[in-house]
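S.K.: Structure supplied as protein_27.cif; contents: mmCIF, C-alpha atoms and all ligand atoms.
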data_final
#
loop_
_atom_site.group_PDB
_atom_site.id
_atom_site.type_symbol
_atom_site.label_atom_id
_atom_site.label_comp_id
_atom_site.auth_asym_id
_atom_site.auth_seq_id
_atom_site.Cartn_x
_atom_site.Cartn_y
_atom_site.Cartn_z
ATOM 1 C CA MET A 1 -38.950 -29.562 35.832
ATOM 2 C CA SER A 2 -39.688 -25.880 35.786
ATOM 3 C CA THR A 3 -43.408 -25.898 34.937
ATOM 4 C CA ARG A 4 -46.240 -27.957 36.364
ATOM 5 C CA ARG A 5 -47.454 -30.432 33.782
ATOM 6 C CA THR A 6 -50.347 -32.848 33.637
ATOM 7 C CA ALA A 7 -49.987 -36.571 32.970
ATOM 8 C CA LEU A 8 -52.761 -38.984 32.016
ATOM 9 C CA VAL A 9 -52.152 -42.677 32.724
ATOM 10 C CA THR A 10 -54.594 -45.279 31.422
ATOM 11 C CA GLY A 11 -55.071 -48.506 33.367
ATOM 12 C CA GLY A 12 -53.614 -46.511 36.261
ATOM 13 C CA GLY A 13 -55.501 -48.431 38.940
ATOM 14 C CA SER A 14 -53.448 -51.624 38.900
ATOM 15 C CA GLY A 15 -50.023 -53.132 38.358
ATOM 16 C CA ILE A 16 -47.729 -51.240 36.009
ATOM 17 C CA GLY A 17 -50.141 -48.322 35.520
ATOM 18 C CA ARG A 18 -50.481 -47.858 39.254
ATOM 19 C CA ALA A 19 -46.698 -47.651 39.675
ATOM 20 C CA ILE A 20 -46.407 -45.218 36.764
ATOM 21 C CA SER A 21 -49.166 -42.998 38.186
ATOM 22 C CA LEU A 22 -47.546 -42.849 41.613
ATOM 23 C CA ARG A 23 -44.082 -42.229 40.161
ATOM 24 C CA LEU A 24 -45.220 -39.415 37.869
ATOM 25 C CA ALA A 25 -47.155 -37.795 40.721
ATOM 26 C CA GLU A 26 -44.031 -38.053 42.887
ATOM 27 C CA ASN A 27 -42.036 -36.422 40.078
ATOM 28 C CA GLY A 28 -44.323 -33.388 40.147
ATOM 29 C CA PHE A 29 -46.869 -34.150 37.455
ATOM 30 C CA ALA A 30 -50.520 -33.437 38.187
ATOM 31 C CA THR A 31 -51.680 -36.965 37.486
ATOM 32 C CA ALA A 32 -54.976 -38.277 36.124
ATOM 33 C CA VAL A 33 -55.457 -41.955 36.927
ATOM 34 C CA LEU A 34 -57.834 -43.433 34.345
ATOM 35 C CA ASP A 35 -59.149 -46.961 34.762
ATOM 36 C CA LEU A 36 -62.172 -49.091 34.001
ATOM 37 C CA ASN A 37 -62.075 -50.056 37.664
ATOM 38 C CA GLY A 38 -63.291 -46.928 39.457
ATOM 39 C CA ASP A 39 -62.406 -48.029 42.988
ATOM 40 C CA ALA A 40 -58.869 -48.922 41.977
ATOM 41 C CA ALA A 41 -58.367 -45.586 40.206
ATOM 42 C CA GLU A 42 -59.686 -43.714 43.241
ATOM 43 C CA GLN A 43 -57.406 -45.642 45.612
ATOM 44 C CA VAL A 44 -54.319 -44.775 43.568
ATOM 45 C CA ALA A 45 -55.277 -41.109 43.274
ATOM 46 C CA GLU A 46 -55.977 -41.021 47.006
ATOM 47 C CA GLN A 47 -52.621 -42.616 47.781
ATOM 48 C CA ALA A 48 -50.889 -39.933 45.706
ATOM 49 C CA ARG A 49 -52.880 -37.129 47.330
ATOM 50 C CA GLY A 50 -52.076 -38.596 50.762
ATOM 51 C CA LYS A 51 -48.405 -37.945 50.007
ATOM 52 C CA GLY A 52 -49.196 -34.353 49.066
ATOM 53 C CA TYR A 53 -49.219 -34.831 45.300
ATOM 54 C CA GLU A 54 -51.868 -33.625 42.871
ATOM 55 C CA ALA A 55 -53.960 -36.467 41.426
ATOM 56 C CA VAL A 56 -57.495 -37.195 40.271
ATOM 57 C CA ALA A 57 -59.241 -40.449 39.427
ATOM 58 C CA LEU A 58 -61.139 -41.059 36.205
ATOM 59 C CA GLY A 59 -62.961 -44.245 37.094
ATOM 60 C CA GLY A 60 -65.229 -46.370 34.955
ATOM 61 C CA VAL A 61 -63.704 -45.148 31.687
ATOM 62 C CA ASP A 62 -63.347 -47.719 28.920
ATOM 63 C CA VAL A 63 -60.487 -46.780 26.588
ATOM 64 C CA SER A 64 -62.138 -48.674 23.742
ATOM 65 C CA ASP A 65 -65.034 -46.178 23.718
ATOM 66 C CA ARG A 66 -64.121 -42.992 21.861
ATOM 67 C CA ASP A 67 -66.858 -40.891 23.489
ATOM 68 C CA GLN A 68 -65.784 -41.952 26.983
ATOM 69 C CA VAL A 69 -62.170 -41.181 26.103
ATOM 70 C CA ASN A 70 -63.018 -37.718 24.755
ATOM 71 C CA ASP A 71 -65.132 -36.995 27.820
ATOM 72 C CA ALA A 72 -62.329 -38.108 30.164
ATOM 73 C CA VAL A 73 -59.728 -35.977 28.376
ATOM 74 C CA THR A 74 -62.069 -32.971 28.600
ATOM 75 C CA ARG A 75 -62.477 -33.584 32.350
ATOM 76 C CA VAL A 76 -58.694 -33.709 32.780
ATOM 77 C CA ARG A 77 -58.295 -30.451 30.852
ATOM 78 C CA LYS A 78 -60.870 -28.773 33.121
ATOM 79 C CA THR A 79 -59.547 -30.103 36.435
ATOM 80 C CA LEU A 80 -55.775 -30.374 35.987
ATOM 81 C CA GLY A 81 -55.085 -28.629 32.687
ATOM 82 C CA PRO A 82 -54.279 -30.172 29.307
ATOM 83 C CA ALA A 83 -52.542 -33.537 29.447
ATOM 84 C CA LEU A 84 -49.108 -33.005 27.923
ATOM 85 C CA VAL A 85 -47.996 -36.473 29.016
ATOM 86 C CA LEU A 86 -49.966 -39.538 27.970
ATOM 87 C CA VAL A 87 -49.148 -43.077 29.048
ATOM 88 C CA ASN A 88 -51.201 -45.661 27.163
ATOM 89 C CA ASN A 89 -50.945 -48.557 29.583
ATOM 90 C CA ALA A 90 -54.464 -50.046 29.854
ATOM 91 C CA GLY A 91 -54.619 -53.434 28.249
ATOM 92 C CA ILE A 92 -56.016 -56.922 28.415
ATOM 93 C CA THR A 93 -54.327 -60.213 27.770
ATOM 94 C CA GLY A 94 -55.639 -63.467 26.378
ATOM 95 C CA TYR A 95 -54.630 -67.024 25.621
ATOM 96 C CA LYS A 96 -56.317 -68.967 22.818
ATOM 97 C CA ARG A 97 -55.153 -71.342 20.164
ATOM 98 C CA PHE A 98 -55.099 -69.438 16.884
ATOM 99 C CA LEU A 99 -57.851 -71.467 15.238
ATOM 100 C CA ASN A 100 -60.138 -70.846 18.231
ATOM 101 C CA ILE A 101 -59.883 -67.056 18.206
ATOM 102 C CA SER A 102 -63.366 -65.769 17.374
ATOM 103 C CA ASP A 103 -64.045 -62.494 15.593
ATOM 104 C CA GLU A 104 -65.416 -61.136 18.872
ATOM 105 C CA LEU A 105 -62.236 -61.965 20.812
ATOM 106 C CA TRP A 106 -60.035 -60.532 18.064
ATOM 107 C CA ASP A 107 -62.085 -57.319 17.840
ATOM 108 C CA ARG A 108 -62.161 -56.807 21.608
ATOM 109 C CA MET A 109 -58.398 -57.292 21.907
ATOM 110 C CA LEU A 110 -57.688 -54.747 19.204
ATOM 111 C CA ALA A 111 -60.343 -52.352 20.495
ATOM 112 C CA ILE A 112 -58.759 -52.094 23.941
ATOM 113 C CA ASN A 113 -55.060 -52.571 23.210
ATOM 114 C CA LEU A 114 -54.788 -50.642 19.943
ATOM 115 C CA SER A 115 -57.881 -48.540 19.210
ATOM 116 C CA GLY A 116 -57.828 -47.232 22.802
ATOM 117 C CA PRO A 117 -54.353 -45.688 22.397
ATOM 118 C CA PHE A 118 -55.424 -44.363 18.964
ATOM 119 C CA TYR A 119 -58.421 -42.553 20.504
ATOM 120 C CA LEU A 120 -56.349 -41.218 23.385
ATOM 121 C CA CYS A 121 -53.587 -39.929 21.129
ATOM 122 C CA GLN A 122 -56.103 -38.156 18.895
ATOM 123 C CA ALA A 123 -57.696 -36.592 21.978
ATOM 124 C CA VAL A 124 -54.489 -35.220 23.539
ATOM 125 C CA VAL A 125 -52.194 -34.412 20.609
ATOM 126 C CA PRO A 126 -53.924 -31.093 19.696
ATOM 127 C CA ASP A 127 -53.140 -29.760 23.201
ATOM 128 C CA MET A 128 -49.548 -30.968 22.888
ATOM 129 C CA ILE A 129 -49.186 -29.231 19.516
ATOM 130 C CA GLU A 130 -50.519 -26.018 21.025
ATOM 131 C CA ALA A 131 -48.041 -26.291 23.906
ATOM 132 C CA GLY A 132 -45.167 -27.175 21.563
ATOM 133 C CA TRP A 133 -44.286 -30.007 23.939
ATOM 134 C CA GLY A 134 -45.624 -33.472 24.599
ATOM 135 C CA ARG A 135 -44.656 -36.951 25.684
ATOM 136 C CA ILE A 136 -46.427 -40.173 24.770
ATOM 137 C CA VAL A 137 -45.350 -43.550 26.120
ATOM 138 C CA ASN A 138 -47.136 -46.663 24.877
ATOM 139 C CA ILE A 139 -46.854 -49.781 27.003
ATOM 140 C CA SER A 140 -46.636 -52.612 24.490
ATOM 141 C CA SER A 141 -45.202 -56.059 25.273
ATOM 142 C CA SER A 142 -42.017 -58.054 24.838
ATOM 143 C CA SER A 143 -44.247 -60.601 23.097
ATOM 144 C CA ALA A 144 -44.407 -58.184 20.169
ATOM 145 C CA GLN A 145 -40.618 -58.551 19.872
ATOM 146 C CA GLY A 146 -40.349 -62.315 20.212
ATOM 147 C CA GLY A 147 -43.836 -63.611 19.492
ATOM 148 C CA GLN A 148 -45.813 -65.760 21.932
ATOM 149 C CA GLN A 149 -47.729 -68.881 21.113
ATOM 150 C CA TYR A 150 -51.474 -68.975 21.817
ATOM 151 C CA MET A 151 -51.513 -65.169 22.063
ATOM 152 C CA THR A 152 -51.783 -64.185 18.400
ATOM 153 C CA HIS A 153 -54.520 -61.613 18.984
ATOM 154 C CA TYR A 154 -52.643 -60.055 21.920
ATOM 155 C CA VAL A 155 -49.278 -60.057 20.137
ATOM 156 C CA ALA A 156 -50.816 -58.533 16.996
ATOM 157 C CA SER A 157 -52.429 -55.762 19.051
ATOM 158 C CA LYS A 158 -49.142 -54.957 20.802
ATOM 159 C CA ALA A 159 -47.132 -55.086 17.568
ATOM 160 C CA GLY A 160 -49.666 -52.615 16.185
ATOM 161 C CA LEU A 161 -48.926 -50.360 19.139
ATOM 162 C CA VAL A 162 -45.219 -50.454 18.267
ATOM 163 C CA GLY A 163 -46.080 -49.356 14.720
ATOM 164 C CA LEU A 164 -48.379 -46.603 16.001
ATOM 165 C CA THR A 165 -45.500 -45.369 18.163
ATOM 166 C CA LYS A 166 -42.985 -45.202 15.325
ATOM 167 C CA ALA A 167 -45.312 -43.488 12.853
ATOM 168 C CA LEU A 168 -46.517 -40.903 15.393
ATOM 169 C CA ALA A 169 -42.935 -40.114 16.380
ATOM 170 C CA LEU A 170 -42.111 -39.172 12.789
ATOM 171 C CA GLU A 171 -45.227 -37.059 12.289
ATOM 172 C CA PHE A 172 -45.060 -35.132 15.556
ATOM 173 C CA GLY A 173 -41.343 -34.799 16.247
ATOM 174 C CA PRO A 174 -41.352 -31.357 14.598
ATOM 175 C CA ALA A 175 -44.122 -30.302 17.024
ATOM 176 C CA GLY A 176 -41.963 -31.074 20.080
ATOM 177 C CA ILE A 177 -43.777 -34.321 20.875
ATOM 178 C CA THR A 178 -41.851 -37.530 21.525
ATOM 179 C CA VAL A 179 -43.491 -40.939 21.232
ATOM 180 C CA ASN A 180 -41.835 -44.091 22.548
ATOM 181 C CA THR A 181 -42.848 -47.564 23.576
ATOM 182 C CA ILE A 182 -41.833 -49.699 26.520
ATOM 183 C CA PRO A 183 -42.454 -53.389 25.909
ATOM 184 C CA PRO A 184 -42.428 -54.934 29.389
ATOM 185 C CA GLY A 185 -41.612 -58.568 29.909
ATOM 186 C CA PHE A 186 -42.481 -60.735 32.884
ATOM 187 C CA VAL A 187 -43.566 -58.069 35.370
ATOM 188 C CA ASP A 188 -45.108 -59.190 38.643
ATOM 189 C CA THR A 189 -48.630 -57.749 38.461
ATOM 190 C CA PRO A 190 -52.165 -59.078 38.927
ATOM 191 C CA MET A 191 -52.189 -59.815 35.169
ATOM 192 C CA LEU A 192 -49.080 -62.026 35.455
ATOM 193 C CA ARG A 193 -50.330 -63.818 38.595
ATOM 194 C CA MET A 194 -53.682 -64.488 36.931
ATOM 195 C CA SER A 195 -51.828 -66.126 34.040
ATOM 196 C CA GLU A 196 -49.774 -68.186 36.522
ATOM 197 C CA GLU A 197 -52.891 -69.308 38.419
ATOM 198 C CA ARG A 198 -54.536 -70.457 35.192
ATOM 199 C CA GLY A 199 -51.419 -72.456 34.264
ATOM 200 C CA LEU A 200 -50.859 -70.336 31.173
ATOM 201 C CA LEU A 201 -47.274 -69.266 31.831
ATOM 202 C CA GLY A 202 -45.642 -72.579 31.023
ATOM 203 C CA GLY A 203 -44.233 -72.794 34.573
ATOM 204 C CA SER A 204 -44.416 -70.766 37.750
ATOM 205 C CA VAL A 205 -43.242 -67.188 38.171
ATOM 206 C CA ASP A 206 -40.322 -68.524 40.268
ATOM 207 C CA GLN A 207 -39.290 -70.943 37.525
ATOM 208 C CA HIS A 208 -39.354 -68.159 34.975
ATOM 209 C CA ALA A 209 -37.281 -65.975 37.293
ATOM 210 C CA GLU A 210 -34.566 -68.654 37.310
ATOM 211 C CA ARG A 211 -34.381 -68.432 33.518
ATOM 212 C CA THR A 212 -34.307 -64.619 33.466
ATOM 213 C CA PRO A 213 -30.821 -63.063 33.115
ATOM 214 C CA VAL A 214 -31.279 -60.740 36.125
ATOM 215 C CA ARG A 215 -32.833 -63.656 38.102
ATOM 216 C CA ARG A 216 -36.016 -61.988 39.242
ATOM 217 C CA PRO A 217 -39.392 -60.970 37.884
ATOM 218 C CA GLY A 218 -39.794 -57.350 36.906
ATOM 219 C CA ARG A 219 -41.432 -54.958 39.322
ATOM 220 C CA PRO A 220 -44.016 -52.411 38.192
ATOM 221 C CA GLU A 221 -41.593 -49.797 39.533
ATOM 222 C CA ASP A 222 -38.996 -50.923 36.951
ATOM 223 C CA ILE A 223 -41.349 -49.892 34.164
ATOM 224 C CA ALA A 224 -42.329 -46.715 36.009
ATOM 225 C CA ALA A 225 -38.677 -45.650 36.281
ATOM 226 C CA ALA A 226 -38.119 -46.002 32.532
ATOM 227 C CA CYS A 227 -41.380 -44.209 31.825
ATOM 228 C CA ALA A 228 -40.470 -41.353 34.185
ATOM 229 C CA PHE A 229 -37.263 -40.826 32.232
ATOM 230 C CA LEU A 230 -38.978 -40.941 28.824
ATOM 231 C CA VAL A 231 -41.465 -38.225 29.836
ATOM 232 C CA SER A 232 -38.761 -35.958 31.253
ATOM 233 C CA ASP A 233 -37.174 -32.996 29.493
ATOM 234 C CA ASP A 234 -33.894 -34.940 29.500
ATOM 235 C CA ALA A 235 -35.379 -37.486 27.069
ATOM 236 C CA GLY A 236 -36.207 -34.925 24.365
ATOM 237 C CA TYR A 237 -33.866 -36.528 21.807
ATOM 238 C CA ILE A 238 -35.369 -40.004 22.266
ATOM 239 C CA THR A 239 -38.351 -40.691 20.029
ATOM 240 C CA GLY A 240 -39.784 -43.546 18.003
ATOM 241 C CA GLN A 241 -37.852 -45.999 20.162
ATOM 242 C CA VAL A 242 -38.621 -49.391 21.644
ATOM 243 C CA ILE A 243 -37.115 -49.369 25.142
ATOM 244 C CA GLY A 244 -37.251 -52.920 26.466
ATOM 245 C CA VAL A 245 -37.543 -53.360 30.241
ATOM 246 C CA ASN A 246 -37.458 -57.115 30.648
ATOM 247 C CA GLY A 247 -34.515 -58.267 32.759
ATOM 248 C CA GLY A 248 -32.653 -59.323 29.617
ATOM 249 C CA ARG A 249 -35.282 -61.803 28.457
ATOM 250 C CA ASN A 250 -35.442 -60.037 25.063
ATOM 251 C CA THR A 251 -32.436 -58.235 23.636
HETATM 252 P P1 LIG B 1 -53.230 -55.242 35.165
HETATM 253 O O1 LIG B 1 -52.663 -55.410 36.525
HETATM 254 O O2 LIG B 1 -54.309 -56.156 34.697
HETATM 255 O O3 LIG B 1 -53.720 -53.740 34.987
HETATM 256 C C1 LIG B 1 -54.382 -53.321 33.822
HETATM 257 C C2 LIG B 1 -55.372 -52.253 34.217
HETATM 258 O O4 LIG B 1 -56.005 -51.785 33.000
HETATM 259 C C3 LIG B 1 -56.476 -52.782 35.126
HETATM 260 O O5 LIG B 1 -56.742 -51.876 36.185
HETATM 261 C C4 LIG B 1 -57.664 -52.899 34.186
HETATM 262 O O6 LIG B 1 -58.911 -52.724 34.818
HETATM 263 C C5 LIG B 1 -57.393 -51.737 33.245
HETATM 264 N N1 LIG B 1 -58.160 -51.905 32.016
HETATM 265 C C6 LIG B 1 -58.404 -53.065 31.339
HETATM 266 N N2 LIG B 1 -59.182 -52.826 30.292
HETATM 267 C C7 LIG B 1 -59.451 -51.493 30.306
HETATM 268 C C8 LIG B 1 -60.227 -50.646 29.474
HETATM 269 N N3 LIG B 1 -60.910 -51.134 28.422
HETATM 270 N N4 LIG B 1 -60.296 -49.321 29.766
HETATM 271 C C9 LIG B 1 -59.629 -48.834 30.836
HETATM 272 N N5 LIG B 1 -58.896 -49.586 31.662
HETATM 273 C C10 LIG B 1 -58.806 -50.901 31.401
HETATM 274 O O7 LIG B 1 -52.090 -55.371 34.053
HETATM 275 P P2 LIG B 1 -50.500 -55.032 34.069
HETATM 276 O O8 LIG B 1 -49.780 -56.321 34.152
HETATM 277 O O9 LIG B 1 -50.198 -53.912 34.998
HETATM 278 O O10 LIG B 1 -50.368 -54.552 32.556
HETATM 279 C C11 LIG B 1 -50.330 -53.187 32.175
HETATM 280 C C12 LIG B 1 -49.931 -53.115 30.708
HETATM 281 O O11 LIG B 1 -48.653 -53.743 30.535
HETATM 282 C C13 LIG B 1 -50.895 -53.863 29.780
HETATM 283 O O12 LIG B 1 -51.080 -53.122 28.590
HETATM 284 C C14 LIG B 1 -50.168 -55.164 29.482
HETATM 285 O O13 LIG B 1 -50.532 -55.716 28.238
HETATM 286 C C15 LIG B 1 -48.717 -54.697 29.500
HETATM 287 N N6 LIG B 1 -47.773 -55.803 29.760
HETATM 288 C C16 LIG B 1 -47.669 -56.374 30.986
HETATM 289 C C17 LIG B 1 -46.750 -57.401 31.186
HETATM 290 C C18 LIG B 1 -46.550 -58.060 32.514
HETATM 291 O O14 LIG B 1 -45.634 -58.890 32.628
HETATM 292 N N7 LIG B 1 -47.334 -57.776 33.530
HETATM 293 C C19 LIG B 1 -45.967 -57.848 30.122
HETATM 294 C C20 LIG B 1 -46.117 -57.259 28.877
HETATM 295 C C21 LIG B 1 -47.022 -56.222 28.702
HETATM 296 P P3 LIG B 1 -59.750 -54.041 35.262
HETATM 297 O O15 LIG B 1 -58.962 -54.661 36.357
HETATM 298 O O16 LIG B 1 -61.065 -53.503 35.657
HETATM 299 O O17 LIG B 1 -59.798 -54.909 34.019
#
What do you get writing this file as structure tokens?

M.R.:
Amino acid sequence: MSTRRTALVTGGGSGIGRAISLRLAENGFATAVLDLNGDAAEQVAEQARGKGYEAVALGGVDVSDRDQVNDAVTRVRKTLGPALVLVNNAGITGYKRFLNISDELWDRMLAINLSGPFYLCQAVVPDMIEAGWGRIVNISSSSAQGGQQYMTHYVASKAGLVGLTKALALEFGPAGITVNTIPPGFVDTPMLRMSEERGLLGGSVDQHAERTPVRRPGRPEDIAAACAFLVSDDAGYITGQVIGVNGGRNT
């Protein structure tokens, strides 16, 4: 990479987002680690800085709040320069029988998992257009490919993110901006372990690993590696794509 570029990673304090933040910082991006959890965001940014990379934390930012998002993007522009790479990774999960999903649960799921990326894209795309270059990676879910029982609200939000990805790719390809989605499947993160602890996985992580073609759970670094490629100059001809990273669980 010839020029220094800035990357903004949402949900960067934990799991997949943490690995993506550290990987992008390692690859030379000035990295903004945005997370609702301020301590976690600060720890990740500190870890990156400890290795000599450029990183700042944006803690306590809720992606479902447009004003907070706009304020965070402005802070990134002032401290690191305009974010020409955006990774929409922050998300929540949820398990509920369909008939028990309340309006509040439905609205909250869509607000964080779908409206959040919408606000972030609207906040960063003007800078990308001005630069004539941009990369957006949306972290969706393999459940949007195969469906998942008792997760209708989650699956709908992630399927919406796939649609957002495809439509944006068509509109902004001419501006030099690529937009892709990685739907992870079965990645060993706090989110997955929480689901295991609550008995919501339909078996243990180890049992699922036995049924996974590559015979292991995914690692956050697996997603980070794919993301690092998609935001590189080498990936300029890849846009509007769904790049599954799931050990072969969905093909
Ligand atoms: P994780 O460990 O729970 O990390 C998610 C991070 O996002 C947390 O730090 C969380 O903060 C933050 N966050 C939650 N709501 C937020 C909000 N409103 N604004 C800003 N930050 C917020 O989850 P993960 O497993 O790494 O998942 C990352 C992404 O991958 C999610 O979008 C998830 O749906 C997707 N995914 C994961 C898997 C998997 O197997 N792990 C599979 C498919 C898709 P708090 O801790 O404070 O809530």

S.K.: Tell me which of A:Leu8, A:Met194, A:Ile177, A:Met128 sits closest to ligand LIG 1 (chain B), counting only C-alpha atoms and all ligand atoms.

M.R.: A:Met194

S.K.: How far is it from atom N1 of ligand LIG 1 (chain B) to atom CA of A:Gly60, in Å with one decimal?

M.R.: 9.4 Å

S.K.: Starting from 6 Å padding per side, set up an axis-aligned box that covers all listed atoms of stretch 94-111 of chain A and hand over centre and edge lengths in Å, one decimal, as lines of an AutoDock Vina configuration file.

M.R.:
center_x = -60.0
center_y = -61.9
center_z = 20.8
size_x = 22.8
size_y = 31.1
size_z = 23.1

S.K.: Determine, for each residue of chain A having at least one atom at most 7 Å from an atom of ligand LIG 1 (chain B), the closest pair of atoms and their separation in Å to one decimal, counting only C-alpha atoms and all ligand atoms; order by chain and ascending number, as a tab-separated table.

M.R.:
residue	atom	partner	partner_atom	distance
A:Thr10	CA	B:LIG1	N5	6.1
A:Gly11	CA	B:LIG1	O4	3.4
A:Gly12	CA	B:LIG1	O5	6.2
A:Gly13	CA	B:LIG1	O5	4.6
A:Ser14	CA	B:LIG1	O5	4.3
A:Gly15	CA	B:LIG1	O9	3.5
A:Ile16	CA	B:LIG1	O9	3.8
A:Gly17	CA	B:LIG1	O9	5.6
A:Leu34	CA	B:LIG1	C9	6.7
A:Asp35	CA	B:LIG1	N5	4.1
A:Leu36	CA	B:LIG1	N5	4.1
A:Asn37	CA	B:LIG1	O16	4.1
A:Ala40	CA	B:LIG1	O5	6.8
A:Val61	CA	B:LIG1	C9	5.6
A:Asp62	CA	B:LIG1	N4	3.5
A:Val63	CA	B:LIG1	N4	4.1
A:Ser64	CA	B:LIG1	N3	5.4
A:Asn89	CA	B:LIG1	O12	4.7
A:Ala90	CA	B:LIG1	O4	3.9
A:Gly91	CA	B:LIG1	O12	3.6
A:Ile92	CA	B:LIG1	C6	5.4
A:Thr93	CA	B:LIG1	O13	5.9
A:Ile112	CA	B:LIG1	N3	5.1
A:Asn113	CA	B:LIG1	O12	6.7
A:Ile139	CA	B:LIG1	O11	5.6
A:Ser140	CA	B:LIG1	C21	5.6
A:Ser141	CA	B:LIG1	C21	3.9
A:Ser142	CA	B:LIG1	C20	5.8
A:Ser143	CA	B:LIG1	C20	6.9
A:Pro183	CA	B:LIG1	C21	6.1
A:Pro184	CA	B:LIG1	C20	4.4
A:Gly185	CA	B:LIG1	C19	4.4
A:Phe186	CA	B:LIG1	O14	3.7
A:Val187	CA	B:LIG1	O14	3.5
A:Asp188	CA	B:LIG1	N7	5.8
A:Thr189	CA	B:LIG1	O8	4.7
A:Pro190	CA	B:LIG1	O1	4.4
A:Met191	CA	B:LIG1	O2	4.3
A:Leu192	CA	B:LIG1	N7	5.0

S.K.: Which residue, A:Asp127, A:Asp107, A:Val205, A:Ala144, has the smallest gap to A:Thr74 when you use all atoms listed in the file?

M.R.: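 That would be A:Asp127, the residue with the smallest distance to A:Thr74.
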
S.K.: Need to verify the contact set: A:Ser204, 10 Å, all atoms listed in the file, exclusion of same-chain residues closer than 6 positions in sequence. Can you return it as a ChimeraX atom specification?

M.R.: /A:193,195-197

S.K.: Neighbouring residues of A:Gln149 were defined as those with any atom within 10 Å, considering all atoms listed in the file; residues of the same chain fewer than 2 positions away were excluded. Please report them as a list in words.

M.R.: Tyr95, Lys96, Arg97, Phe98, Ser143, Gly146, Gly147, Met151, Thr152 and Val155 of chain A

S.K.: Which residues, written as number ranges by chain, have at least one atom at most 12 Å from A:Ala32, with only C-alpha atoms counted and residues fewer than 3 positions away on the same chain left out?

M.R.: A: 5-13, 17-18, 20-22, 24-25, 29, 35, 41-42, 44-46, 48-49, 53-59, 61, 72-87

S.K.: Considering only C-alpha atoms, can you say which of A:Thr3, A:Gln148, A:Ala175, A:Ala19 comes closest to A:Leu200?

M.R.: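 Smallest distance to A:Leu200 is found for A:Gln148.
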
S.K.: Rounded to one decimal, what separation in Å do you get between atom CA of A:Ser157 and atom CA of A:Leu114?

M.R.: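 We find that atom CA of A:Ser157 and atom CA of A:Leu114 lie 5.7 Å from each other.
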
S.K.: Pick from A:Asn250, A:Thr31, A:Thr178, A:Thr212: nearest to A:Val231, with all atoms listed in the file counted?

M.R.: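 The answer is A:Thr178, which sits nearest to A:Val231.
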
S.K.: Could you tell me how far atom CA of A:Gly240 sits from atom CA of A:Leu170, in Å to one decimal place?

M.R.: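 Computing it gives 7.2 Å between the two atoms.
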
S.K.: Using only C-alpha atoms, which residue out of A:Pro126, A:Gly134, A:Gly199, A:Gly116 lies closest to A:Lys158?

M.R.: A:Gly116

S.K.: Can you tell me which residues surround A:Thr165 at a distance of at most 8 Å, considering all atoms listed in the file, apart from same-chain residues fewer than 4 positions away, and format the answer as a PyMOL selection string?

M.R.: chain A and resi 138+161+169+179-181+240-241

S.K.: Restricted to C-alpha atoms, what would the selected residues look like written as a PDB file, in the frame of the given file?

M.R.:
ATOM      1  CA  ASN A 138     -47.136 -46.663  24.877  1.00  0.00           C
ATOM      2  CA  LEU A 161     -48.926 -50.360  19.139  1.00  0.00           C
ATOM      3  CA  ALA A 169     -42.935 -40.114  16.380  1.00  0.00           C
ATOM      4  CA  VAL A 179     -43.491 -40.939  21.232  1.00  0.00           C
ATOM      5  CA  ASN A 180     -41.835 -44.091  22.548  1.00  0.00           C
ATOM      6  CA  THR A 181     -42.848 -47.564  23.576  1.00  0.00           C
ATOM      7  CA  GLY A 240     -39.784 -43.546  18.003  1.00  0.00           C
ATOM      8  CA  GLN A 241     -37.852 -45.999  20.162  1.00  0.00           C
TER       9      GLN A 241
END

S.K.: Nearest to A:Trp106 among A:Leu201, A:Ile223, A:Leu168, A:Ala156, with distances taken over all atoms listed in the file: which residue is it?

M.R.: A:Ala156

S.K.: Can you rebuild stretch 92-100 of chain A with N, CA and C atoms and give it as a PDB file, keeping the file's coordinate frame?

M.R.:
ATOM      1  N   ILE A  92     -55.576 -55.604  27.967  1.00  0.00           N
ATOM      2  CA  ILE A  92     -56.016 -56.922  28.415  1.00  0.00           C
ATOM      3  C   ILE A  92     -55.123 -57.963  27.743  1.00  0.00           C
ATOM      4  N   THR A  93     -55.099 -59.136  28.355  1.00  0.00           N
ATOM      5  CA  THR A  93     -54.327 -60.213  27.770  1.00  0.00           C
ATOM      6  C   THR A  93     -55.282 -61.323  27.342  1.00  0.00           C
ATOM      7  N   GLY A  94     -54.768 -62.371  26.785  1.00  0.00           N
ATOM      8  CA  GLY A  94     -55.639 -63.467  26.378  1.00  0.00           C
ATOM      9  C   GLY A  94     -54.837 -64.616  25.816  1.00  0.00           C
ATOM     10  N   TYR A  95     -55.296 -65.812  26.111  1.00  0.00           N
ATOM     11  CA  TYR A  95     -54.630 -67.024  25.621  1.00  0.00           C
ATOM     12  C   TYR A  95     -55.659 -67.851  24.864  1.00  0.00           C
ATOM     13  N   LYS A  96     -55.387 -68.177  23.639  1.00  0.00           N
ATOM     14  CA  LYS A  96     -56.317 -68.967  22.818  1.00  0.00           C
ATOM     15  C   LYS A  96     -55.520 -69.542  21.661  1.00  0.00           C
ATOM     16  N   ARG A  97     -55.763 -70.799  21.380  1.00  0.00           N
ATOM     17  CA  ARG A  97     -55.153 -71.342  20.164  1.00  0.00           C
ATOM     18  C   ARG A  97     -55.671 -70.545  18.968  1.00  0.00           C
ATOM     19  N   PHE A  98     -54.781 -70.338  17.999  1.00  0.00           N
ATOM     20  CA  PHE A  98     -55.099 -69.438  16.884  1.00  0.00           C
ATOM     21  C   PHE A  98     -56.424 -69.791  16.221  1.00  0.00           C
ATOM     22  N   LEU A  99     -56.643 -71.086  15.972  1.00  0.00           N
ATOM     23  CA  LEU A  99     -57.851 -71.467  15.238  1.00  0.00           C
ATOM     24  C   LEU A  99     -59.123 -71.299  16.067  1.00  0.00           C
ATOM     25  N   ASN A 100     -58.961 -71.047  17.370  1.00  0.00           N
ATOM     26  CA  ASN A 100     -60.138 -70.846  18.231  1.00  0.00           C
ATOM     27  C   ASN A 100     -60.423 -69.374  18.530  1.00  0.00           C
TER      28      ASN A 100
END
